[in-house]
$ cat entry-v5.tsv   # TSV, C-alpha atoms
chain	number	residue	atom	x	y	z
A	178	MET	CA	-14.52	33.37	80.35
A	179	LEU	CA	-18.00	34.67	81.14
A	180	GLU	CA	-17.27	37.72	79.05
A	181	ARG	CA	-16.37	35.57	76.09
A	182	VAL	CA	-19.54	33.48	76.47
A	183	ASP	CA	-21.57	36.68	76.62
A	184	ARG	CA	-19.95	37.93	73.47
A	185	TYR	CA	-20.49	34.73	71.50
A	186	TRP	CA	-24.07	34.68	72.68
A	187	ARG	CA	-24.60	38.21	71.44
A	188	VAL	CA	-23.17	37.33	68.01
A	189	LEU	CA	-25.60	34.41	67.83
A	190	ALA	CA	-28.47	36.51	69.18
A	191	THR	CA	-27.76	39.27	66.67
A	192	GLY	CA	-27.88	36.64	63.91
A	193	ILE	CA	-31.23	35.45	65.24
A	194	ALA	CA	-32.51	39.03	65.34
A	195	PHE	CA	-31.39	39.78	61.77
A	196	THR	CA	-32.98	36.54	60.54
A	197	THR	CA	-36.22	37.35	62.35
A	198	PHE	CA	-36.25	40.80	60.80
A	199	GLY	CA	-35.68	39.35	57.33
A	200	VAL	CA	-38.35	36.66	57.69
A	201	GLY	CA	-40.77	39.22	59.10
A	202	GLY	CA	-40.09	41.55	56.19
A	203	LEU	CA	-40.67	38.75	53.67
A	204	LEU	CA	-43.92	37.75	55.40
A	205	LEU	CA	-45.13	41.33	55.24
A	206	TRP	CA	-44.41	41.38	51.54
A	207	LEU	CA	-45.63	37.90	50.56
A	208	VAL	CA	-48.49	37.33	53.01
A	209	PHE	CA	-49.63	40.53	54.69
A	210	LEU	CA	-49.58	42.75	51.60
A	211	PRO	CA	-51.66	40.35	49.40
A	212	LEU	CA	-54.13	39.83	52.25
A	213	LEU	CA	-54.45	43.57	52.75
A	214	SER	CA	-55.07	44.17	49.07
A	215	LEU	CA	-57.88	41.58	49.21
A	216	CYS	CA	-59.73	43.91	51.57
A	217	PHE	CA	-61.41	45.64	48.64
A	218	TRP	CA	-63.86	47.51	50.86
A	219	LEU	CA	-61.06	49.57	52.42
A	220	GLN	CA	-59.83	52.80	50.91
A	221	ALA	CA	-56.14	53.14	50.04
A	222	SER	CA	-55.58	55.48	52.98
A	223	GLN	CA	-57.22	53.03	55.39
A	224	ARG	CA	-54.99	50.24	54.11
A	225	ALA	CA	-51.91	52.40	54.62
A	226	SER	CA	-53.02	53.19	58.21
A	227	ILE	CA	-53.47	49.50	58.97
A	228	ALA	CA	-50.07	48.71	57.47
A	229	ARG	CA	-48.44	51.52	59.47
A	230	TRP	CA	-49.97	50.22	62.65
A	231	ALA	CA	-48.79	46.70	61.77
A	232	VAL	CA	-45.21	47.84	61.13
A	233	HIS	CA	-45.31	49.81	64.39
A	234	ALA	CA	-46.46	46.69	66.29
A	235	CYS	CA	-43.85	44.48	64.55
A	236	PHE	CA	-41.05	46.91	65.38
A	237	ALA	CA	-42.20	47.22	69.00
A	238	SER	CA	-42.11	43.42	69.31
A	239	PHE	CA	-38.76	43.34	67.55
A	240	VAL	CA	-37.28	45.79	70.08
A	241	GLY	CA	-38.75	43.59	72.81
A	242	LEU	CA	-37.13	40.53	71.24
A	243	MET	CA	-33.72	42.19	71.08
A	244	CYS	CA	-33.95	43.15	74.76
A	245	TRP	CA	-35.02	39.63	75.68
A	246	LEU	CA	-32.13	38.15	73.67
A	247	GLY	CA	-29.74	40.42	75.56
A	248	ILE	CA	-28.52	42.39	72.52
A	249	LEU	CA	-29.49	45.76	73.92
A	250	ARG	CA	-31.15	47.81	76.61
A	251	TYR	CA	-32.83	51.15	76.14
A	252	GLU	CA	-34.26	54.15	77.89
A	253	ILE	CA	-36.65	56.73	76.51
A	254	HIS	CA	-37.18	60.25	77.81
A	255	GLY	CA	-40.00	62.64	76.93
A	256	LEU	CA	-42.24	60.02	75.34
A	257	ASP	CA	-45.38	62.06	76.06
A	258	ARG	CA	-44.18	64.62	73.49
A	259	LEU	CA	-44.82	62.02	70.81
A	260	ARG	CA	-48.45	61.60	71.84
A	261	ARG	CA	-49.61	64.22	69.36
A	262	GLY	CA	-50.51	64.19	65.67
A	263	GLY	CA	-48.96	65.84	62.62
A	264	LEU	CA	-45.48	65.95	64.12
A	265	LEU	CA	-42.36	66.47	62.08
A	266	ILE	CA	-39.92	64.23	63.95
A	267	LEU	CA	-36.25	64.72	63.09
A	268	ALA	CA	-33.50	62.57	64.56
A	269	ASN	CA	-29.80	61.97	64.24
A	270	HIS	CA	-28.88	58.62	62.75
A	271	PRO	CA	-26.05	56.73	64.46
A	272	THR	CA	-27.20	53.13	63.91
A	273	LEU	CA	-29.22	50.71	61.84
A	274	LEU	CA	-31.86	50.42	64.56
A	275	ASP	CA	-32.85	54.11	64.84
A	276	VAL	CA	-35.83	53.81	62.54
A	277	VAL	CA	-36.95	50.62	64.27
A	278	PHE	CA	-36.96	52.42	67.62
A	279	LEU	CA	-38.76	55.51	66.37
A	280	ILE	CA	-41.49	53.64	64.51
A	281	SER	CA	-41.94	51.36	67.52
A	282	LEU	CA	-42.83	54.52	69.48
A	283	VAL	CA	-45.12	56.16	66.91
A	284	PRO	CA	-48.27	54.28	65.83
A	285	ASN	CA	-49.22	56.56	62.93
A	286	ALA	CA	-45.75	57.03	61.49
A	287	ASP	CA	-44.88	58.06	58.00
A	288	CYS	CA	-41.20	57.98	57.21
A	289	VAL	CA	-38.78	59.16	54.55
A	290	VAL	CA	-36.78	56.12	53.49
A	291	LYS	CA	-33.99	55.41	51.06
A	292	GLY	CA	-35.30	54.58	47.59
A	293	SER	CA	-33.20	51.41	47.49
A	294	LEU	CA	-35.16	49.95	50.43
A	295	ALA	CA	-38.31	49.95	48.31
A	296	ARG	CA	-36.55	47.47	46.02
A	297	ASN	CA	-35.03	45.31	48.78
A	298	PRO	CA	-37.18	42.14	49.23
A	299	PHE	CA	-36.86	42.28	53.04
A	300	THR	CA	-38.15	45.83	53.33
A	301	ARG	CA	-40.24	46.46	50.23
A	302	GLY	CA	-43.40	44.85	51.63
A	303	ALA	CA	-43.50	47.23	54.56
A	304	ILE	CA	-42.61	50.25	52.43
A	305	CYS	CA	-45.20	49.53	49.71
A	306	ALA	CA	-47.99	48.81	52.18
A	307	THR	CA	-47.34	51.81	54.42
A	308	ASN	CA	-46.82	54.21	51.54
A	309	TYR	CA	-43.66	55.59	53.15
A	310	ILE	CA	-42.00	58.40	51.19
A	311	CYS	CA	-38.93	57.48	49.14
A	312	ASN	CA	-36.12	60.01	49.08
A	313	ASP	CA	-35.13	59.72	45.42
A	314	SER	CA	-37.08	62.75	44.21
A	315	GLY	CA	-35.86	66.06	45.60
A	316	SER	CA	-38.66	68.55	45.19
A	317	GLY	CA	-41.41	65.90	45.14
A	318	LEU	CA	-40.18	64.86	48.56
A	319	VAL	CA	-41.00	68.25	50.06
A	320	GLU	CA	-44.55	68.19	48.66
A	321	ASP	CA	-45.12	64.60	49.77
A	322	GLY	CA	-43.83	65.39	53.24
A	323	ILE	CA	-46.07	68.43	53.68
A	324	ARG	CA	-49.10	66.50	52.43
A	325	SER	CA	-48.42	63.69	54.87
A	326	LEU	CA	-48.20	66.11	57.81
A	327	ARG	CA	-51.44	67.83	56.80
A	328	GLN	CA	-53.14	64.45	56.80
A	329	GLY	CA	-52.11	64.15	60.43
A	330	SER	CA	-49.30	61.60	60.13
A	331	ASN	CA	-46.23	61.85	62.27
A	332	LEU	CA	-43.45	62.17	59.74
A	333	ILE	CA	-40.05	60.75	60.72
A	334	ILE	CA	-36.98	62.00	58.87
A	335	PHE	CA	-33.29	61.47	59.41
A	336	PRO	CA	-31.95	64.70	57.88
A	337	GLU	CA	-28.51	63.14	57.44
A	338	GLY	CA	-30.07	60.89	54.80
A	339	THR	CA	-27.83	58.03	55.85
A	340	ARG	CA	-26.12	56.87	59.03
A	341	THR	CA	-23.51	59.20	60.51
A	342	PRO	CA	-20.00	58.22	59.34
A	343	VAL	CA	-17.94	56.71	62.15
A	344	ASP	CA	-15.52	59.64	62.13
A	345	GLY	CA	-18.51	61.70	63.31
A	346	LYS	CA	-18.56	64.20	60.44
A	347	MET	CA	-22.23	64.90	60.07
A	348	LYS	CA	-23.74	66.36	56.91
A	349	LEU	CA	-27.41	67.27	56.71
A	350	GLN	CA	-29.56	67.33	53.58
A	351	ARG	CA	-31.94	70.28	53.33
A	352	GLY	CA	-35.13	68.33	52.54
A	353	ALA	CA	-36.32	68.10	56.15
A	354	ALA	CA	-35.78	71.82	56.81
A	355	ASN	CA	-37.61	72.64	53.57
A	356	ILE	CA	-40.58	70.58	54.69
A	357	ALA	CA	-40.59	72.45	58.00
A	358	VAL	CA	-40.41	75.98	56.57
A	359	ARG	CA	-42.67	75.42	53.55
A	360	GLY	CA	-45.19	73.35	55.49
A	361	LEU	CA	-44.95	75.65	58.52
A	362	ARG	CA	-44.36	72.86	61.02
A	363	ASP	CA	-42.37	73.08	64.19
A	364	ILE	CA	-39.80	70.35	64.62
A	365	THR	CA	-39.89	67.67	67.28
A	366	PRO	CA	-36.22	66.72	67.64
A	367	VAL	CA	-35.13	63.32	68.90
A	368	THR	CA	-31.55	62.60	69.84
A	369	ILE	CA	-30.41	59.00	69.69
A	370	ARG	CA	-27.28	57.61	71.23
A	371	CYS	CA	-25.98	54.09	71.37
A	372	GLU	CA	-23.32	53.14	73.90
A	373	PRO	CA	-21.03	51.45	72.93
A	374	LEU	CA	-21.64	52.61	69.40
A	375	SER	CA	-22.43	49.70	67.09
A	376	LEU	CA	-24.37	48.80	63.91
A	377	THR	CA	-22.86	51.89	62.33
A	378	LYS	CA	-22.35	52.47	58.64
A	379	GLY	CA	-19.86	50.02	57.15
A	380	LEU	CA	-19.60	47.84	60.26
A	381	PRO	CA	-20.67	44.20	59.72
A	382	TRP	CA	-23.40	43.05	62.10
A	383	TRP	CA	-21.43	40.18	63.59
A	384	GLN	CA	-18.82	42.54	65.03
A	385	VAL	CA	-20.76	43.01	68.23
A	386	PRO	CA	-19.57	45.64	70.72
A	387	PRO	CA	-17.65	44.60	73.85
A	388	ARG	CA	-20.73	45.26	76.01
A	389	ARG	CA	-24.44	45.08	75.43
A	390	MET	CA	-25.66	48.15	73.49
A	391	HIS	CA	-27.48	50.76	75.52
A	392	PHE	CA	-29.79	53.05	73.56
A	393	THR	CA	-30.94	56.40	74.92
A	394	LEU	CA	-33.68	58.20	73.01
A	395	GLU	CA	-34.58	61.67	74.11
A	396	ILE	CA	-37.61	63.42	72.67
A	397	ARG	CA	-36.85	67.10	73.16
A	398	ASP	CA	-38.77	70.35	73.18
A	399	ASP	CA	-40.13	71.47	69.82
A	400	ILE	CA	-38.06	73.87	67.72
A	401	ALA	CA	-40.24	76.76	66.50
A	402	ILE	CA	-40.03	77.50	62.78
A	403	GLN	CA	-41.52	80.98	62.55
A	404	PRO	CA	-38.40	82.79	63.89
A	405	PHE	CA	-36.33	81.26	61.09
A	406	LEU	CA	-38.80	82.51	58.48
A	407	ASP	CA	-38.96	85.97	60.06
A	408	ALA	CA	-35.20	86.29	60.18
A	409	ALA	CA	-34.48	84.98	56.68
A	410	GLY	CA	-37.33	86.64	54.79
A	411	GLY	CA	-37.53	83.77	52.27
A	412	GLU	CA	-38.17	80.07	52.41
A	413	ALA	CA	-35.00	78.95	50.63
A	414	LEU	CA	-32.81	80.96	52.96
A	415	ALA	CA	-34.78	79.97	56.05
A	416	ALA	CA	-34.31	76.30	55.10
A	417	ARG	CA	-30.57	76.86	54.84
A	418	HIS	CA	-30.35	78.59	58.21
A	419	LEU	CA	-32.54	75.95	59.83
A	420	THR	CA	-30.36	73.19	58.37
A	421	ASP	CA	-27.26	74.85	59.86
A	422	TYR	CA	-29.03	75.16	63.19
A	423	LEU	CA	-30.06	71.50	63.14
A	424	HIS	CA	-26.55	70.47	62.20
A	425	ASP	CA	-25.15	72.22	65.28
A	426	TYR	CA	-27.98	70.87	67.43
A	427	PHE	CA	-27.35	67.23	66.51
A	428	ALA	CA	-23.57	67.53	66.16
A	429	LYS	CA	-23.40	68.84	69.73
A	430	GLU	CA	-25.23	65.73	70.82
A	431	VAL	CA	-22.80	63.46	69.00
A	432	ALA	CA	-19.83	65.34	70.43
A	433	SER	CA	-21.10	65.11	74.00
A	434	HIS	CA	-21.65	61.42	73.31
A	435	ALA	CA	-18.04	60.98	72.18
A	436	ARG	CA	-16.81	62.65	75.37
A	437	ALA	CA	-19.06	60.60	77.64
B	433	MET	CA	-31.12	89.84	26.43
B	434	THR	CA	-27.43	89.12	26.02
B	435	LYS	CA	-25.66	86.32	27.82
B	436	GLN	CA	-23.86	88.82	30.00
B	437	GLU	CA	-27.17	90.35	31.09
B	438	LEU	CA	-28.54	86.89	31.80
B	439	PHE	CA	-25.50	86.14	33.93
B	440	GLU	CA	-26.05	89.30	35.94
B	441	ARG	CA	-29.73	88.49	36.48
B	442	LEU	CA	-28.83	84.99	37.64
B	443	SER	CA	-26.20	86.37	39.94
B	444	THR	CA	-28.77	88.66	41.57
B	445	ILE	CA	-31.25	85.81	41.96
B	446	LEU	CA	-28.61	83.56	43.55
B	447	GLN	CA	-27.56	86.24	46.02
B	448	GLU	CA	-31.11	87.23	46.92
B	449	THR	CA	-32.61	83.77	47.15
B	450	PHE	CA	-29.76	81.68	48.53
B	451	ASP	CA	-27.36	84.25	49.93
B	452	THR	CA	-24.70	82.83	47.62
B	453	ASP	CA	-21.26	84.35	48.02
B	454	PRO	CA	-20.74	86.63	44.94
B	455	VAL	CA	-17.13	85.48	44.72
B	456	LYS	CA	-18.32	81.97	43.88
B	457	ILE	CA	-20.66	83.14	41.14
B	458	VAL	CA	-18.69	82.54	37.95
B	459	PRO	CA	-19.97	81.02	34.69
B	460	GLU	CA	-18.06	77.77	35.16
B	461	ALA	CA	-19.33	77.22	38.73
B	462	ARG	CA	-21.14	73.90	39.09
B	463	LEU	CA	-24.60	74.34	40.59
B	464	TYR	CA	-24.55	71.48	43.04
B	465	GLU	CA	-20.90	71.09	43.95
B	466	ASP	CA	-19.76	74.73	43.94
B	467	LEU	CA	-22.92	76.75	44.55
B	468	ASP	CA	-24.73	74.32	46.86
B	469	ILE	CA	-27.93	74.41	44.78
B	470	ASP	CA	-29.87	71.17	45.36
B	471	SER	CA	-32.90	69.92	43.46
B	472	ILE	CA	-35.27	71.78	45.79
B	473	ASP	CA	-33.39	75.04	45.22
B	474	ALA	CA	-33.51	74.40	41.48
B	475	VAL	CA	-37.31	74.53	41.63
B	476	ASP	CA	-37.10	77.88	43.45
B	477	MET	CA	-34.73	79.18	40.83
B	478	ILE	CA	-37.03	78.10	38.01
B	479	VAL	CA	-39.91	79.94	39.70
B	480	ARG	CA	-37.82	83.11	39.85
B	481	LEU	CA	-36.79	82.70	36.21
B	482	ARG	CA	-40.39	82.49	35.05
B	483	SER	CA	-40.84	86.22	35.55
B	484	LEU	CA	-37.72	86.77	33.47
B	485	LEU	CA	-39.00	84.74	30.57
B	486	GLY	CA	-42.62	85.73	30.91
B	487	LYS	CA	-43.83	82.20	30.44
B	488	ARG	CA	-44.01	78.93	32.27
B	489	LEU	CA	-40.73	77.18	32.30
B	490	GLN	CA	-40.57	73.41	32.17
B	491	PRO	CA	-38.06	71.90	34.60
B	492	ASP	CA	-37.14	69.58	31.70
B	493	SER	CA	-35.38	72.48	29.99
B	494	PHE	CA	-32.75	72.22	32.71
B	495	LYS	CA	-32.28	68.46	32.84
B	496	SER	CA	-28.77	68.45	31.41
B	497	VAL	CA	-27.68	71.58	33.23
B	498	ARG	CA	-24.56	71.33	35.41
B	499	THR	CA	-22.88	74.71	35.47
B	500	LEU	CA	-24.10	78.28	35.57
B	501	GLN	CA	-22.97	78.66	31.94
B	502	ASP	CA	-25.31	75.77	31.01
B	503	VAL	CA	-28.21	77.66	32.61
B	504	ILE	CA	-27.32	80.81	30.70
B	505	ASP	CA	-27.10	78.89	27.41
B	506	ALA	CA	-30.44	77.15	28.06
B	507	LEU	CA	-32.14	80.45	28.91
B	508	HIS	CA	-30.60	82.19	25.95
B	509	GLY	CA	-31.87	79.40	23.69
B	510	LEU	CA	-35.37	79.73	25.10
B	511	LEU	CA	-35.39	83.50	24.63
B	512	GLU	CA	-34.19	83.17	21.03
B	513	GLU	CA	-36.95	80.65	20.42
B	514	GLN	CA	-39.48	83.14	21.78
B	515	SER	CA	-38.38	86.04	19.66
B	516	ALA	CA	-38.13	83.91	16.52
$ encode --input "entry-v5.tsv" --output "structure tokens"
Amino acid sequence: MLERVDRYWRVLATGIAFTTFGVGGLLLWLVFLPLLSLCFWLQASQRASIARWAVHACFASFVGLMCWLGILRYEIHGLDRLRRGGLLILANHPTLLDVVFLISLVPNADCVVKGSLARNPFTRGAICATNYICNDSGSGLVEDGIRSLRQGSNLIIFPEGTRTPVDGKMKLQRGAANIAVRGLRDITPVTIRCEPLSLTKGLPWWQVPPRRMHFTLEIRDDIAIQPFLDAAGGEALAARHLTDYLHDYFAKEVASHARA
Amino acid sequence: MTKQELFERLSTILQETFDTDPVKIVPEARLYEDLDIDSIDAVDMIVRLRSLLGKRLQPDSFKSVRTLQDVIDALHGLLEEQSA
């Protein structure tokens, strides 16, 4: 009985959370963005920084709201590793909330996002204002990513490009590795797990898991890039080897998750 | 340069730059699906091809390219244009 009540509550709470996210996204687009563009004395880069901070604060409150509603709990390890600038942060991508968590932890975050989100009314406000990088251009993406890192942003990328399929077969795009080898940046890897796994690709939001979701984010030791360049002798090849390495790195995490 | 010579040059570039398996390098191989050349790699390839053509190459020349044969035809066309 109690279990059933808990479950119904979590369906309702998830609905509340999704609505809040949507309303927040619309407000960013229709209220915050016009107000920000009225601040004519600010430079474009200053506006983007303010918007990034605002999205960071909104996401941190949103995570707080979801905990308070009883949708999820979370634990974070190695947070001090994120207290640096110019980081290339790469993470696996099991759920819809991964980006919300990561941006809630990183005040000056830039992020590579799906091009379609820049056209979605609930997300476009945030994406326009923050100047996040859209993934629709291949080679432009690498240049944009390197520029962002040199400006000192912490760049968040999910190298899978989209959430991991439920059957666990992970496939990584090479854009992130190319940014690392061509921009000469070490990688700060973050592994994300959600137990029980929910909000995956293709799963409707109202199918809540049997128990409250428990997120574990682990910010791990940096992965040095120079050895990959030394071993490969060329950037294109180094990016390929690094992508294979990252695939194994994250796939191992997913596998150990499946066993747990 | 004949088309066969162009093919051989491309084959060398693919093996050197991307460690592509020579067995897979056939004219009808599709760049993305068969040879695992993404849009970032394509830029690298164009850079390598510049030295072959001796002039700046516009990425637009390769917009409709899908297979290795398409690349060879496009390059051959550009070289003809140059010598004309």
$ atom_distance --input "entry-v5.tsv" --atom1 "CA of Thr420 in chain A" --atom2 "CA of Ala354 in chain A"
5.8 Å
$ residues_around --input "entry-v5.tsv" --residues "range 505-509 of chain B" --least-positions-apart "5" --cutoff "8 Å" --atoms "all atoms listed in the file" --output "MDAnalysis selection string"
chainID B and resid 433:435 438 493:494
$ interface_residues --input "entry-v5.tsv" --of "chain A" --to "chain B" --cutoff "10 Å" --atoms "all atoms listed in the file" --output "list of chain:residue names"
A:Ser314, A:Gly315, A:Ser316, A:Gly317, A:Leu318, A:Val319, A:Gln350, A:Arg351, A:Gly352, A:Asn355, A:Ala409, A:Gly410, A:Gly411, A:Glu412, A:Ala413, A:Leu414, A:Ala415, A:Ala416, A:Arg417
$ atom_distance --input "entry-v5.tsv" --atom1 "CA of Leu264 in chain A" --atom2 "CA of Trp230 in chain A"
16.4 Å
$ axis_aligned_box --input "entry-v5.tsv" --around "range 401-416 of chain A" --padding-each-side "6 Å" --output "lines of an AutoDock Vina configuration file"
center_x = -37.2
center_y = 81.5
center_z = 58.6
size_x = 20.7
size_y = 22.3
size_z = 27.9
$ atom_distance --input "entry-v5.tsv" --atom1 "CA of Met390 in chain A" --atom2 "CA of Pro271 in chain A"
12.5 Å
$ residues_around --input "entry-v5.tsv" --residues "Leu265 in chain A" --least-positions-apart "4" --cutoff "9 Å" --atoms "all atoms listed in the file" --output "MDAnalysis selection string"
chainID A and resid 326 330:334 353 356:357 362:366
